Structure formats: structure tokens, C-alpha cells
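The next block is work-v9.cif, given as mmCIF, C-alpha atoms, pLDDT in the B column; chains and numbers go by the auth columns.
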```cif
data_work
#
loop_
_atom_site.group_PDB
_atom_site.id
_atom_site.type_symbol
_atom_site.label_atom_id
_atom_site.label_comp_id
_atom_site.label_asym_id
_atom_site.label_seq_id
_atom_site.Cartn_x
_atom_site.Cartn_y
_atom_site.Cartn_z
_atom_site.B_iso_or_equiv
_atom_site.auth_seq_id
_atom_site.auth_asym_id
ATOM 1 C CA MET A 1 0.000 0.000 0.000 45.00 1267 A
ATOM 2 C CA ALA A 2 1.571 3.112 -1.160 57.00 1268 A
ATOM 3 C CA SER A 3 0.998 6.136 0.943 88.00 1269 A
ATOM 4 C CA ALA A 4 1.366 9.868 0.632 94.00 1270 A
ATOM 5 C CA LEU A 5 2.513 12.558 3.011 95.00 1271 A
ATOM 6 C CA ILE A 6 1.187 16.054 2.381 96.00 1272 A
ATOM 7 C CA ASN A 7 2.173 19.263 4.106 96.00 1273 A
ATOM 8 C CA VAL A 8 -0.094 22.244 3.436 96.00 1274 A
ATOM 9 C CA PRO A 9 -0.717 25.117 5.868 96.00 1275 A
ATOM 10 C CA ARG A 10 -4.154 24.746 7.473 96.00 1276 A
ATOM 11 C CA ARG A 11 -4.926 28.425 7.228 95.00 1277 A
ATOM 12 C CA ALA A 12 -3.564 31.285 5.213 96.00 1278 A
ATOM 13 C CA LYS A 13 -4.348 34.892 4.466 96.00 1279 A
ATOM 14 C CA ARG A 14 -5.958 35.646 1.118 96.00 1280 A
ATOM 15 C CA GLY A 15 -3.254 36.262 -1.477 95.00 1281 A
ATOM 16 C CA GLU A 16 -0.516 34.679 0.620 96.00 1282 A
ATOM 17 C CA ILE A 17 1.950 32.394 -1.168 97.00 1283 A
ATOM 18 C CA VAL A 18 1.916 29.001 0.533 97.00 1284 A
ATOM 19 C CA GLU A 19 4.354 26.131 0.163 97.00 1285 A
ATOM 20 C CA ILE A 20 3.028 22.650 -0.564 97.00 1286 A
ATOM 21 C CA LYS A 21 5.222 19.640 0.202 98.00 1287 A
ATOM 22 C CA THR A 22 4.358 16.171 -1.040 97.00 1288 A
ATOM 23 C CA LEU A 23 5.979 12.784 -0.561 97.00 1289 A
ATOM 24 C CA MET A 24 4.762 9.590 -2.202 96.00 1290 A
ATOM 25 C CA SER A 25 6.120 6.265 -1.065 95.00 1291 A
ATOM 26 C CA HIS A 26 7.309 4.508 -4.227 95.00 1292 A
ATOM 27 C CA ILE A 27 10.348 2.432 -5.205 94.00 1293 A
ATOM 28 C CA MET A 28 11.015 4.399 -8.449 95.00 1294 A
ATOM 29 C CA GLU A 29 12.759 1.391 -10.029 94.00 1295 A
ATOM 30 C CA THR A 30 14.808 2.873 -12.848 93.00 1296 A
ATOM 31 C CA GLY A 31 14.720 0.012 -15.339 92.00 1297 A
ATOM 32 C CA TYR A 32 18.518 0.119 -15.547 90.00 1298 A
ATOM 33 C CA ARG A 33 19.320 -2.247 -12.720 89.00 1299 A
ATOM 34 C CA ARG A 34 19.830 -5.995 -13.120 88.00 1300 A
ATOM 35 C CA THR A 35 19.348 -9.056 -10.986 88.00 1301 A
ATOM 36 C CA ALA A 36 22.302 -11.333 -10.213 87.00 1302 A
ATOM 37 C CA ALA A 37 21.074 -13.496 -13.105 89.00 1303 A
ATOM 38 C CA GLY A 38 21.614 -10.548 -15.432 87.00 1304 A
ATOM 39 C CA GLU A 39 17.964 -9.851 -16.153 91.00 1305 A
ATOM 40 C CA VAL A 40 16.897 -6.227 -16.340 91.00 1306 A
ATOM 41 C CA ILE A 41 14.511 -5.271 -13.561 92.00 1307 A
ATOM 42 C CA PRO A 42 11.615 -3.628 -15.416 94.00 1308 A
ATOM 43 C CA ARG A 43 11.055 0.077 -14.948 95.00 1309 A
ATOM 44 C CA ASN A 44 8.466 0.946 -12.329 96.00 1310 A
ATOM 45 C CA ILE A 45 8.275 4.670 -11.659 96.00 1311 A
ATOM 46 C CA VAL A 46 5.759 7.396 -11.000 97.00 1312 A
ATOM 47 C CA THR A 47 5.545 9.190 -14.339 97.00 1313 A
ATOM 48 C CA SER A 48 3.196 12.013 -13.536 97.00 1314 A
ATOM 49 C CA PHE A 49 2.110 14.127 -10.582 98.00 1315 A
ATOM 50 C CA ALA A 50 -0.580 16.782 -10.532 98.00 1316 A
ATOM 51 C CA CYS A 51 -2.165 19.100 -7.975 97.00 1317 A
ATOM 52 C CA ARG A 52 -5.633 20.638 -8.317 97.00 1318 A
ATOM 53 C CA TYR A 53 -6.893 23.509 -6.154 97.00 1319 A
ATOM 54 C CA ASN A 54 -10.696 23.379 -5.973 96.00 1320 A
ATOM 55 C CA GLY A 55 -10.726 21.449 -9.230 95.00 1321 A
ATOM 56 C CA VAL A 56 -8.313 23.676 -11.162 96.00 1322 A
ATOM 57 C CA GLU A 57 -4.877 22.308 -11.970 97.00 1323 A
ATOM 58 C CA ILE A 58 -2.180 24.527 -10.472 97.00 1324 A
ATOM 59 C CA PHE A 59 0.870 22.287 -10.764 97.00 1325 A
ATOM 60 C CA ARG A 60 1.929 19.292 -12.816 97.00 1326 A
ATOM 61 C CA ALA A 61 5.184 17.367 -13.109 98.00 1327 A
ATOM 62 C CA ASP A 62 6.505 14.720 -15.508 97.00 1328 A
ATOM 63 C CA LEU A 63 8.918 12.445 -13.683 97.00 1329 A
ATOM 64 C CA PHE A 64 11.751 10.301 -15.039 97.00 1330 A
ATOM 65 C CA PRO A 65 13.898 7.511 -13.538 95.00 1331 A
ATOM 66 C CA ALA A 66 16.341 10.213 -12.367 95.00 1332 A
ATOM 67 C CA ILE A 67 13.875 11.189 -9.629 97.00 1333 A
ATOM 68 C CA ALA A 68 14.918 9.554 -6.344 96.00 1334 A
ATOM 69 C CA ALA A 69 12.847 6.849 -4.670 95.00 1335 A
ATOM 70 C CA ASN A 70 9.836 8.117 -2.719 96.00 1336 A
ATOM 71 C CA PRO A 71 9.377 11.192 -4.899 97.00 1337 A
ATOM 72 C CA PHE A 72 9.398 14.356 -2.819 97.00 1338 A
ATOM 73 C CA ILE A 73 8.094 17.434 -4.613 98.00 1339 A
ATOM 74 C CA THR A 74 7.532 20.884 -3.203 98.00 1340 A
ATOM 75 C CA PHE A 75 6.016 23.875 -4.962 98.00 1341 A
ATOM 76 C CA PHE A 76 4.069 27.047 -4.224 97.00 1342 A
ATOM 77 C CA THR A 77 0.630 28.443 -4.828 97.00 1343 A
ATOM 78 C CA VAL A 78 -1.329 31.593 -4.021 97.00 1344 A
ATOM 79 C CA ALA A 79 -4.007 30.987 -1.389 96.00 1345 A
ATOM 80 C CA THR A 80 -7.052 32.348 -3.229 96.00 1346 A
ATOM 81 C CA GLU A 81 -9.991 30.729 -1.425 95.00 1347 A
ATOM 82 C CA SER A 82 -10.828 28.120 1.165 97.00 1348 A
ATOM 83 C CA GLY A 83 -11.133 24.655 -0.230 96.00 1349 A
ATOM 84 C CA LYS A 84 -9.337 21.512 -1.122 97.00 1350 A
ATOM 85 C CA PHE A 85 -6.120 20.450 -2.787 97.00 1351 A
ATOM 86 C CA ASP A 86 -6.313 17.179 -4.702 97.00 1352 A
ATOM 87 C CA PHE A 87 -3.074 15.386 -5.483 97.00 1353 A
ATOM 88 C CA GLU A 88 -2.676 12.590 -7.988 97.00 1354 A
ATOM 89 C CA TRP A 89 0.270 10.333 -8.794 97.00 1355 A
ATOM 90 C CA ILE A 90 0.212 8.085 -11.864 97.00 1356 A
ATOM 91 C CA GLY A 91 2.879 5.572 -12.788 96.00 1357 A
ATOM 92 C CA ASP A 92 3.952 2.318 -14.383 96.00 1358 A
ATOM 93 C CA GLU A 93 2.194 -0.993 -13.760 95.00 1359 A
ATOM 94 C CA GLY A 94 -1.143 0.752 -13.252 95.00 1360 A
ATOM 95 C CA PHE A 95 0.055 2.789 -10.286 95.00 1361 A
ATOM 96 C CA SER A 96 -2.468 5.435 -9.291 95.00 1362 A
ATOM 97 C CA GLU A 97 -2.757 7.168 -5.939 95.00 1363 A
ATOM 98 C CA THR A 98 -4.616 10.222 -4.728 96.00 1364 A
ATOM 99 C CA ALA A 99 -4.529 12.366 -1.620 96.00 1365 A
ATOM 100 C CA SER A 100 -6.112 15.599 -0.539 95.00 1366 A
ATOM 101 C CA ALA A 101 -5.666 18.408 1.949 96.00 1367 A
ATOM 102 C CA SER A 102 -7.859 21.320 2.910 96.00 1368 A
ATOM 103 C CA ILE A 103 -7.016 24.963 3.538 97.00 1369 A
ATOM 104 C CA THR A 104 -8.926 27.782 5.209 97.00 1370 A
ATOM 105 C CA VAL A 105 -8.311 31.180 3.633 96.00 1371 A
ATOM 106 C CA GLU A 106 -9.221 34.232 5.693 92.00 1372 A
ATOM 107 C CA MET B 1 63.132 -6.132 -17.832 45.00 560 B
ATOM 108 C CA MET B 2 61.783 -3.740 -20.404 47.00 561 B
ATOM 109 C CA ARG B 3 61.273 -6.605 -22.743 51.00 562 B
ATOM 110 C CA ASP B 4 59.423 -8.610 -20.097 52.00 563 B
ATOM 111 C CA HIS B 5 57.253 -5.636 -19.429 53.00 564 B
ATOM 112 C CA ALA B 6 56.434 -5.284 -23.102 53.00 565 B
ATOM 113 C CA THR B 7 55.518 -8.909 -23.532 60.00 566 B
ATOM 114 C CA ARG B 8 53.423 -8.826 -20.415 59.00 567 B
ATOM 115 C CA ARG B 9 51.620 -5.802 -21.766 58.00 568 B
ATOM 116 C CA GLN B 10 51.164 -7.508 -25.111 56.00 569 B
ATOM 117 C CA PHE B 11 49.839 -10.580 -23.396 53.00 570 B
ATOM 118 C CA LEU B 12 47.396 -8.544 -21.338 52.00 571 B
ATOM 119 C CA GLY B 13 46.385 -6.644 -24.437 52.00 572 B
ATOM 120 C CA LEU B 14 45.707 -9.853 -26.280 50.00 573 B
ATOM 121 C CA ALA B 15 43.835 -11.307 -23.338 50.00 574 B
ATOM 122 C CA GLY B 16 41.788 -8.148 -23.068 51.00 575 B
ATOM 123 C CA GLY B 17 41.045 -8.236 -26.777 49.00 576 B
ATOM 124 C CA ALA B 18 39.988 -11.856 -26.560 46.00 577 B
ATOM 125 C CA ALA B 19 37.750 -11.059 -23.605 48.00 578 B
ATOM 126 C CA VAL B 20 36.140 -8.253 -25.567 45.00 579 B
ATOM 127 C CA LEU B 21 35.640 -10.521 -28.559 44.00 580 B
ATOM 128 C CA GLY B 22 34.176 -13.192 -26.316 43.00 581 B
ATOM 129 C CA ALA B 23 31.883 -10.677 -24.717 42.00 582 B
ATOM 130 C CA VAL B 24 30.481 -9.288 -27.947 41.00 583 B
ATOM 131 C CA PRO B 25 27.447 -11.563 -28.178 40.00 584 B
ATOM 132 C CA ALA B 26 26.606 -10.940 -24.515 41.00 585 B
ATOM 133 C CA VAL B 27 24.641 -7.882 -23.477 43.00 586 B
ATOM 134 C CA THR B 28 26.813 -5.026 -22.251 42.00 587 B
ATOM 135 C CA LEU B 29 26.487 -4.769 -18.508 44.00 588 B
ATOM 136 C CA ARG B 30 26.475 -1.007 -18.267 49.00 589 B
ATOM 137 C CA PRO B 31 23.540 0.779 -19.871 51.00 590 B
ATOM 138 C CA ALA B 32 24.278 3.464 -22.418 59.00 591 B
ATOM 139 C CA GLU B 33 24.905 6.814 -20.812 70.00 592 B
ATOM 140 C CA ALA B 34 23.315 10.018 -21.900 74.00 593 B
ATOM 141 C CA THR B 35 25.990 11.963 -23.718 80.00 594 B
ATOM 142 C CA PRO B 36 26.298 15.682 -24.343 85.00 595 B
ATOM 143 C CA ALA B 37 24.695 14.906 -27.737 89.00 596 B
ATOM 144 C CA THR B 38 21.602 13.270 -26.202 91.00 597 B
ATOM 145 C CA LEU B 39 21.492 16.113 -23.677 93.00 598 B
ATOM 146 C CA ALA B 40 21.462 18.605 -26.530 93.00 599 B
ATOM 147 C CA ALA B 41 18.765 16.579 -28.309 93.00 600 B
ATOM 148 C CA ALA B 42 16.590 16.466 -25.175 94.00 601 B
ATOM 149 C CA ILE B 43 16.940 20.219 -24.760 94.00 602 B
ATOM 150 C CA ARG B 44 16.075 20.735 -28.432 94.00 603 B
ATOM 151 C CA ASN B 45 12.919 18.652 -27.915 94.00 604 B
ATOM 152 C CA VAL B 46 11.769 21.192 -25.334 93.00 605 B
ATOM 153 C CA VAL B 47 12.949 24.494 -26.736 93.00 606 B
ATOM 154 C CA GLY B 48 12.701 23.768 -30.453 92.00 607 B
ATOM 155 C CA GLY B 49 14.872 26.240 -32.309 89.00 608 B
ATOM 156 C CA ALA B 50 14.513 28.994 -29.720 92.00 609 B
ATOM 157 C CA VAL B 51 17.517 30.715 -28.205 93.00 610 B
ATOM 158 C CA VAL B 52 18.224 29.727 -24.603 95.00 611 B
ATOM 159 C CA ARG B 53 19.749 32.566 -22.629 95.00 612 B
ATOM 160 C CA THR B 54 21.675 32.202 -19.392 96.00 613 B
ATOM 161 C CA GLY B 55 20.156 33.925 -16.382 94.00 614 B
ATOM 162 C CA LYS B 56 16.975 34.344 -14.326 95.00 615 B
ATOM 163 C CA VAL B 57 17.135 30.667 -13.315 97.00 616 B
ATOM 164 C CA LYS B 58 18.788 29.565 -10.086 97.00 617 B
ATOM 165 C CA LEU B 59 19.683 25.889 -9.734 97.00 618 B
ATOM 166 C CA ASP B 60 20.561 24.803 -6.209 97.00 619 B
ATOM 167 C CA VAL B 61 22.311 21.451 -5.976 96.00 620 B
ATOM 168 C CA PRO B 62 25.125 20.635 -3.553 95.00 621 B
ATOM 169 C CA PRO B 63 28.440 20.933 -5.475 93.00 622 B
ATOM 170 C CA LEU B 64 29.773 17.802 -3.782 94.00 623 B
ATOM 171 C CA VAL B 65 27.422 14.867 -3.294 93.00 624 B
ATOM 172 C CA GLU B 66 28.281 11.798 -1.254 90.00 625 B
ATOM 173 C CA ASN B 67 25.313 9.694 -2.280 91.00 626 B
ATOM 174 C CA GLY B 68 23.981 10.030 -5.804 92.00 627 B
ATOM 175 C CA ASN B 69 20.830 8.095 -4.952 93.00 628 B
ATOM 176 C CA THR B 70 19.128 11.072 -3.396 94.00 629 B
ATOM 177 C CA VAL B 71 20.353 14.561 -4.130 96.00 630 B
ATOM 178 C CA PRO B 72 18.251 17.539 -3.039 97.00 631 B
ATOM 179 C CA MET B 73 17.628 19.991 -5.852 97.00 632 B
ATOM 180 C CA THR B 74 15.809 23.330 -5.955 98.00 633 B
ATOM 181 C CA VAL B 75 15.123 25.360 -9.071 98.00 634 B
ATOM 182 C CA SER B 76 13.850 28.894 -8.771 97.00 635 B
ATOM 183 C CA VAL B 77 13.228 31.509 -11.419 97.00 636 B
ATOM 184 C CA ALA B 78 13.194 35.278 -10.976 96.00 637 B
ATOM 185 C CA SER B 79 9.675 36.121 -12.149 96.00 638 B
ATOM 186 C CA PRO B 80 6.793 38.237 -10.821 96.00 639 B
ATOM 187 C CA MET B 81 4.429 35.318 -11.635 96.00 640 B
ATOM 188 C CA THR B 82 1.605 37.532 -12.866 95.00 641 B
ATOM 189 C CA ALA B 83 -0.880 36.650 -15.605 95.00 642 B
ATOM 190 C CA ASP B 84 1.220 38.611 -18.128 95.00 643 B
ATOM 191 C CA ASP B 85 4.650 37.557 -16.993 96.00 644 B
ATOM 192 C CA HIS B 86 5.094 34.131 -15.461 97.00 645 B
ATOM 193 C CA VAL B 87 7.048 30.912 -15.757 97.00 646 B
ATOM 194 C CA LYS B 88 5.186 28.272 -17.748 97.00 647 B
ATOM 195 C CA SER B 89 7.513 25.374 -17.167 97.00 648 B
ATOM 196 C CA ILE B 90 10.831 24.295 -15.728 97.00 649 B
ATOM 197 C CA HIS B 91 12.784 21.451 -17.320 97.00 650 B
ATOM 198 C CA VAL B 92 15.770 19.773 -15.699 97.00 651 B
ATOM 199 C CA PHE B 93 18.348 17.742 -17.619 96.00 652 B
ATOM 200 C CA ASN B 94 21.558 15.881 -16.894 95.00 653 B
ATOM 201 C CA GLU B 95 24.561 14.851 -18.884 93.00 654 B
ATOM 202 C CA LYS B 96 25.510 11.341 -17.790 91.00 655 B
ATOM 203 C CA ASN B 97 22.557 9.463 -16.332 92.00 656 B
ATOM 204 C CA PRO B 98 21.194 6.752 -18.664 92.00 657 B
ATOM 205 C CA GLN B 99 18.491 9.247 -19.719 93.00 658 B
ATOM 206 C CA PRO B 100 18.983 12.986 -20.231 95.00 659 B
ATOM 207 C CA ASN B 101 15.674 14.010 -18.603 96.00 660 B
ATOM 208 C CA ILE B 102 15.220 14.473 -14.871 97.00 661 B
ATOM 209 C CA GLY B 103 11.831 16.162 -14.658 97.00 662 B
ATOM 210 C CA ASN B 104 9.441 18.675 -16.222 97.00 663 B
ATOM 211 C CA PHE B 105 7.450 20.963 -13.937 98.00 664 B
ATOM 212 C CA HIS B 106 4.471 22.953 -15.197 97.00 665 B
ATOM 213 C CA LEU B 107 3.580 26.137 -13.362 97.00 666 B
ATOM 214 C CA GLY B 108 1.366 29.147 -13.918 95.00 667 B
ATOM 215 C CA PRO B 109 0.408 32.540 -12.524 95.00 668 B
ATOM 216 C CA ARG B 110 -1.379 30.784 -9.649 95.00 669 B
ATOM 217 C CA SER B 111 1.952 29.364 -8.477 96.00 670 B
ATOM 218 C CA GLY B 112 2.834 32.719 -6.950 95.00 671 B
ATOM 219 C CA ARG B 113 6.489 31.796 -6.737 96.00 672 B
ATOM 220 C CA ALA B 114 8.457 30.023 -9.454 97.00 673 B
ATOM 221 C CA GLN B 115 10.259 27.520 -7.280 97.00 674 B
ATOM 222 C CA VAL B 116 10.280 23.728 -7.281 98.00 675 B
ATOM 223 C CA SER B 117 12.231 21.283 -5.118 98.00 676 B
ATOM 224 C CA THR B 118 12.706 17.556 -5.410 97.00 677 B
ATOM 225 C CA ARG B 119 15.304 14.838 -4.876 97.00 678 B
ATOM 226 C CA ILE B 120 17.145 13.380 -7.818 96.00 679 B
ATOM 227 C CA ARG B 121 19.514 10.559 -8.740 95.00 680 B
ATOM 228 C CA LEU B 122 22.936 11.160 -10.245 94.00 681 B
ATOM 229 C CA ALA B 123 24.834 8.262 -11.805 91.00 682 B
ATOM 230 C CA ASP B 124 28.104 10.151 -12.122 90.00 683 B
ATOM 231 C CA THR B 125 29.939 13.420 -11.635 93.00 684 B
ATOM 232 C CA GLN B 126 28.284 15.608 -14.214 94.00 685 B
ATOM 233 C CA LYS B 127 26.574 18.785 -15.328 94.00 686 B
ATOM 234 C CA ILE B 128 22.917 19.521 -14.577 96.00 687 B
ATOM 235 C CA VAL B 129 20.955 22.001 -16.644 96.00 688 B
ATOM 236 C CA ALA B 130 17.672 23.707 -15.734 97.00 689 B
ATOM 237 C CA ILE B 131 15.687 25.541 -18.402 97.00 690 B
ATOM 238 C CA ALA B 132 12.647 27.723 -17.754 97.00 691 B
ATOM 239 C CA GLN B 133 10.059 28.702 -20.332 97.00 692 B
ATOM 240 C CA LEU B 134 8.456 32.069 -19.677 96.00 693 B
ATOM 241 C CA SER B 135 4.983 33.182 -20.739 96.00 694 B
ATOM 242 C CA ASP B 136 6.510 35.407 -23.448 95.00 695 B
ATOM 243 C CA GLY B 137 8.023 32.296 -25.022 94.00 696 B
ATOM 244 C CA SER B 138 11.628 32.997 -24.039 95.00 697 B
ATOM 245 C CA PHE B 139 13.882 30.349 -22.517 96.00 698 B
ATOM 246 C CA TRP B 140 16.366 30.904 -19.698 96.00 699 B
ATOM 247 C CA SER B 141 18.819 28.460 -18.221 96.00 700 B
ATOM 248 C CA ALA B 142 21.303 27.732 -15.473 96.00 701 B
ATOM 249 C CA SER B 143 23.739 24.874 -15.119 95.00 702 B
ATOM 250 C CA VAL B 144 25.709 23.422 -12.246 96.00 703 B
ATOM 251 C CA ASP B 145 28.561 20.920 -12.094 95.00 704 B
ATOM 252 C CA VAL B 146 28.131 18.310 -9.398 95.00 705 B
ATOM 253 C CA VAL B 147 30.803 15.948 -8.096 95.00 706 B
ATOM 254 C CA VAL B 148 29.330 12.595 -7.025 93.00 707 B
ATOM 255 C CA THR B 149 31.429 10.270 -4.868 90.00 708 B
ATOM 256 C CA LEU B 150 28.945 7.374 -4.628 85.00 709 B
ATOM 257 C CA ALA B 151 26.942 7.045 -7.826 81.00 710 B
ATOM 258 C CA ALA B 152 23.273 6.080 -8.008 77.00 711 B
ATOM 259 C CA CYS B 153 23.020 2.363 -8.655 66.00 712 B
ATOM 260 C CA THR B 154 22.310 2.272 -12.375 57.00 713 B
ATOM 261 C CA ASP B 155 24.310 -0.889 -12.885 55.00 714 B
ATOM 262 C CA GLU B 156 24.251 -2.362 -9.415 55.00 715 B
ATOM 263 C CA VAL B 157 23.644 -6.103 -9.386 53.00 716 B
ATOM 264 C CA LEU B 158 21.049 -7.228 -6.892 53.00 717 B
#
```

Render the structure in this file as C-alpha cells.
Amino acid sequence: MASALINVPRRAKRGEIVEIKTLMSHIMETGYRRTAAGEVIPRNIVTSFACRYNGVEIFRADLFPAIAANPFITFFTVATESGKFDFEWIGDEGFSETASASITVE
Amino acid sequence: MMRDHATRRQFLGLAGGAAVLGAVPAVTLRPAEATPATLAAAIRNVVGGAVVRTGKVKLDVPPLVENGNTVPMTVSVASPMTADDHVKSIHVFNEKNPQPNIGNFHLGPRSGRAQVSTRIRLADTQKIVAIAQLSDGSFWSASVDVVVTLAACTDEVL
């Protein structure tokens, strides 16, 4: 069971720039490693990450094998209104995880 | 003495050559590395024919890395991040990992601040390049040379 860690301020002033930190537990297998028998271990990475703020996409990332295991991504957004952040990770082998966090804007 | 040395070298050379010949049908153990040419191609894929100027972008990576498996990286771009003047995307590339791409990050005026952090893998001592696309269509870049003492395990055998 993959799991996500999200860090978003609970409350913010309107117009304030807030930092969003996300961590998804994932092996991020590069596809370049081999077993002792010499077989390539197939690639298994998170390929895409997106964040929506009350339904509107505010941040998106395309990830490659050069992203370290347990992808940690931080970015910023302007706190415009109270509501919800929805996070989505999509990857190889049908990997798909979501998480959400709420914010109160005064 | 000199003669012995020469023959020994010849012998080793021959042995090495034979080993290489013997190894030809087998798969090469080490995956192909991204080269400056593939790096240039990956950058061209993003920028097209546009001119990439140096500046505006700040790429923070430790200059000396002990463990290439997880290297903190922050890219920030000097931009007011308004509707008229903002950073559309940030693209990060490397020179010597098996693939030239590290990540693409898509931002907009709602980002407020053009700054992204993540943790990356580095397979070797190499150059990292960050390129930002602004809303006016211009491209800006920064590059950093990083020394890696323990490389990320691209060819580690499990």
C-alpha cells in the first residue's frame, strides 16, 4: 500500500503564497538495474504528478527515472480561497494514488 | 626487464582483446549513458529552435554529493508570476545518467512563486541544466557541475 505525506498550511491569508510539500512512497525502479542473473529489472516509476486547487490544476510534473525513490516534490501556490487540494500520482504498472488536503483562507 | 614488461603488456592486451571478442554476443552490462549529444537533443525537444539565454534561473544542488541516490535539488526563477509575466515550465536535464531528462514541472500565474524542489539521482559526476520557459516564449537556463562520490546504482547487481 503506497501512501502519501502532504504538508499544506491549514490556514492562510488571502493572497498569501503558501508552500506545498508532497511525498509519495514509491520504489522508483529505474529500469537500468539488473538481478544477479543478469535480467533487467523492469522500470516501475511514478511518471506524472498533478495538484488541483478546488478542481483547477495549479501544478503538474513529468517524472523520469532520475527522480529519487519516494518522490518528494515541493512547490508554491497563491491561497485564493478556502477549499481543497487534490493530489494525484500516476505511474507504471497501473500505479495510481490520490490524496487531498484542505485549507482555510481568511 | 623492459622486454618482459612489453611482452606482459602484449599478453594482457591480447587477453583483453579476446575477452572483448568473447563478450560481444553478450549484453553489455552497463547501460548506455546520456551523452552531451543526447542532452542537446533532449533540450532541443523542449525548446525547439529557440535561443536559450543564461540567467533568471537559479539551480541549487550541492556541489559535492556523497550519495547520488538522493540529491536535493531546488530550481527557482526570478519572475513576478503575474498573468502577463510568469514561468510556464521548468525542465531539468543531466549529462551522464542513462536518460537525459530528470523532470518537467508545469507552473502558472497561480503558483505565486516560481520555485520547485525535489530529490534526484545522479549516476556520475556531471553537469545539470535547468531551463525555464516564460509566458513570453523565451527560454532561460542555469547549469551546475556536481561531483558525485557514490553514484546512483544504475548498474548495481542485486

With the PyMOL selection byres ((chain A and resi 1280) around 10) as the selection, what would be picked from this file? Answer as a CSV table (one decimal) with C-alpha atoms, in the frame of the given file, please.
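The file below, out_11.csv, is the result:
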```
chain,number,residue,atom,x,y,z
A,1277,ARG,CA,-4.9,28.4,7.2
A,1278,ALA,CA,-3.6,31.3,5.2
A,1279,LYS,CA,-4.3,34.9,4.5
A,1281,GLY,CA,-3.3,36.3,-1.5
A,1282,GLU,CA,-0.5,34.7,0.6
A,1283,ILE,CA,2.0,32.4,-1.2
A,1344,VAL,CA,-1.3,31.6,-4.0
A,1345,ALA,CA,-4.0,31.0,-1.4
A,1346,THR,CA,-7.1,32.3,-3.2
A,1347,GLU,CA,-10.0,30.7,-1.4
A,1348,SER,CA,-10.8,28.1,1.2
A,1370,THR,CA,-8.9,27.8,5.2
A,1371,VAL,CA,-8.3,31.2,3.6
A,1372,GLU,CA,-9.2,34.2,5.7
```

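Remark: for chain B, the closest of the candidate residues A:Ala1270, A:Val1284, A:Ala1332, A:Ile1369 is A:Ala1332 (distances computed over only C-alpha atoms).
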
How big is the axis-aligned box around all listed atoms of stretch 1319-1332 of chain A once 3 Å goes on each side, and where's its centre, in Å to one decimal, as JSON?
```
{"center_x": 2.8, "center_y": 16.0, "center_z": -10.7, "size_x": 33.1, "size_y": 23.0, "size_z": 15.5}
```

(message) Please find the residues of chain A near chain B - the criterion being any atom within 6 Å, counting all atoms listed in the file - and write them as a PyMOL selection string.
(response) chain A and resi 1283+1298-1302+1325-1330+1332-1334+1338-1344

(request) Could you jot down the atom CA of A:Glu1285 to atom CA of A:Ser1314 separation for me, Å, one decimal place? (result) 19.7 Å

(request) In Å, rounded to a single decimal, give me how far atom CA of B:Lys655 is from atom CA of B:Val624. (result)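 Calculated distance between atom CA of B:Val624 and atom CA of B:Lys655 is 15.0 Å.
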
(message) So, with only C-alpha atoms as the atoms that count, which of A:Gly1357, A:Gly1349, A:Pro1331, A:Gly1297 lies closest to A:Ala1316?
(response)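 Residue with the minimum atom-to-atom distance to A:Ala1316: A:Gly1357.
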
(request) Can you work out the spacing between atom CA of A:Thr1364 and atom CA of A:Arg1276 in Å, to one decimal? (result)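 It comes out at 19.0 Å.
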
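Compared by their closest atoms to A:Val1322, and using all atoms listed in the file, the residues A:Ile1356, A:Ala1303, A:Glu1295, A:Phe1351 rank with A:Phe1351 nearest.
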
(message) Please determine, counting all atoms listed in the file, which residue among A:Gly1360, A:Asp1352, A:Ser1368, A:Val1274 has the shortest atom-to-atom distance to A:Cys1317.
(response)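 Counting all atoms listed in the file, the residue closest to A:Cys1317 is A:Asp1352.
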
(request) Determine, counting all atoms listed in the file, which protein, DNA and RNA residues have an atom within 8 Å of an atom of B:Phe698; residues of the same chain fewer than 5 positions away are not included. Present the result as an MDAnalysis selection string. (result) chainID B and resid 606 609:612 690:693

(message) Ranking A:Lys1287, A:Phe1353, A:Ile1272, A:Phe1361 by minimum distance to A:Asn1320 and counting all atoms listed in the file, which one comes first?
(response) A:Phe1353

(request) Would you mind listing what lies within 7 Å of B:Gln685 as a PyMOL selection string, with all atoms listed in the file counted and same-chain residues fewer than 2 positions away left out? (result) chain B and resi 654-655+683+687+704-706

(message) Given all atoms listed in the file as the basis, pick out the residue of B:Ala701, B:Ala596, B:Ile602, B:Val688 nearest to B:Lys615.
(response)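 So, comparing all the options, the nearest one is B:Ala701.
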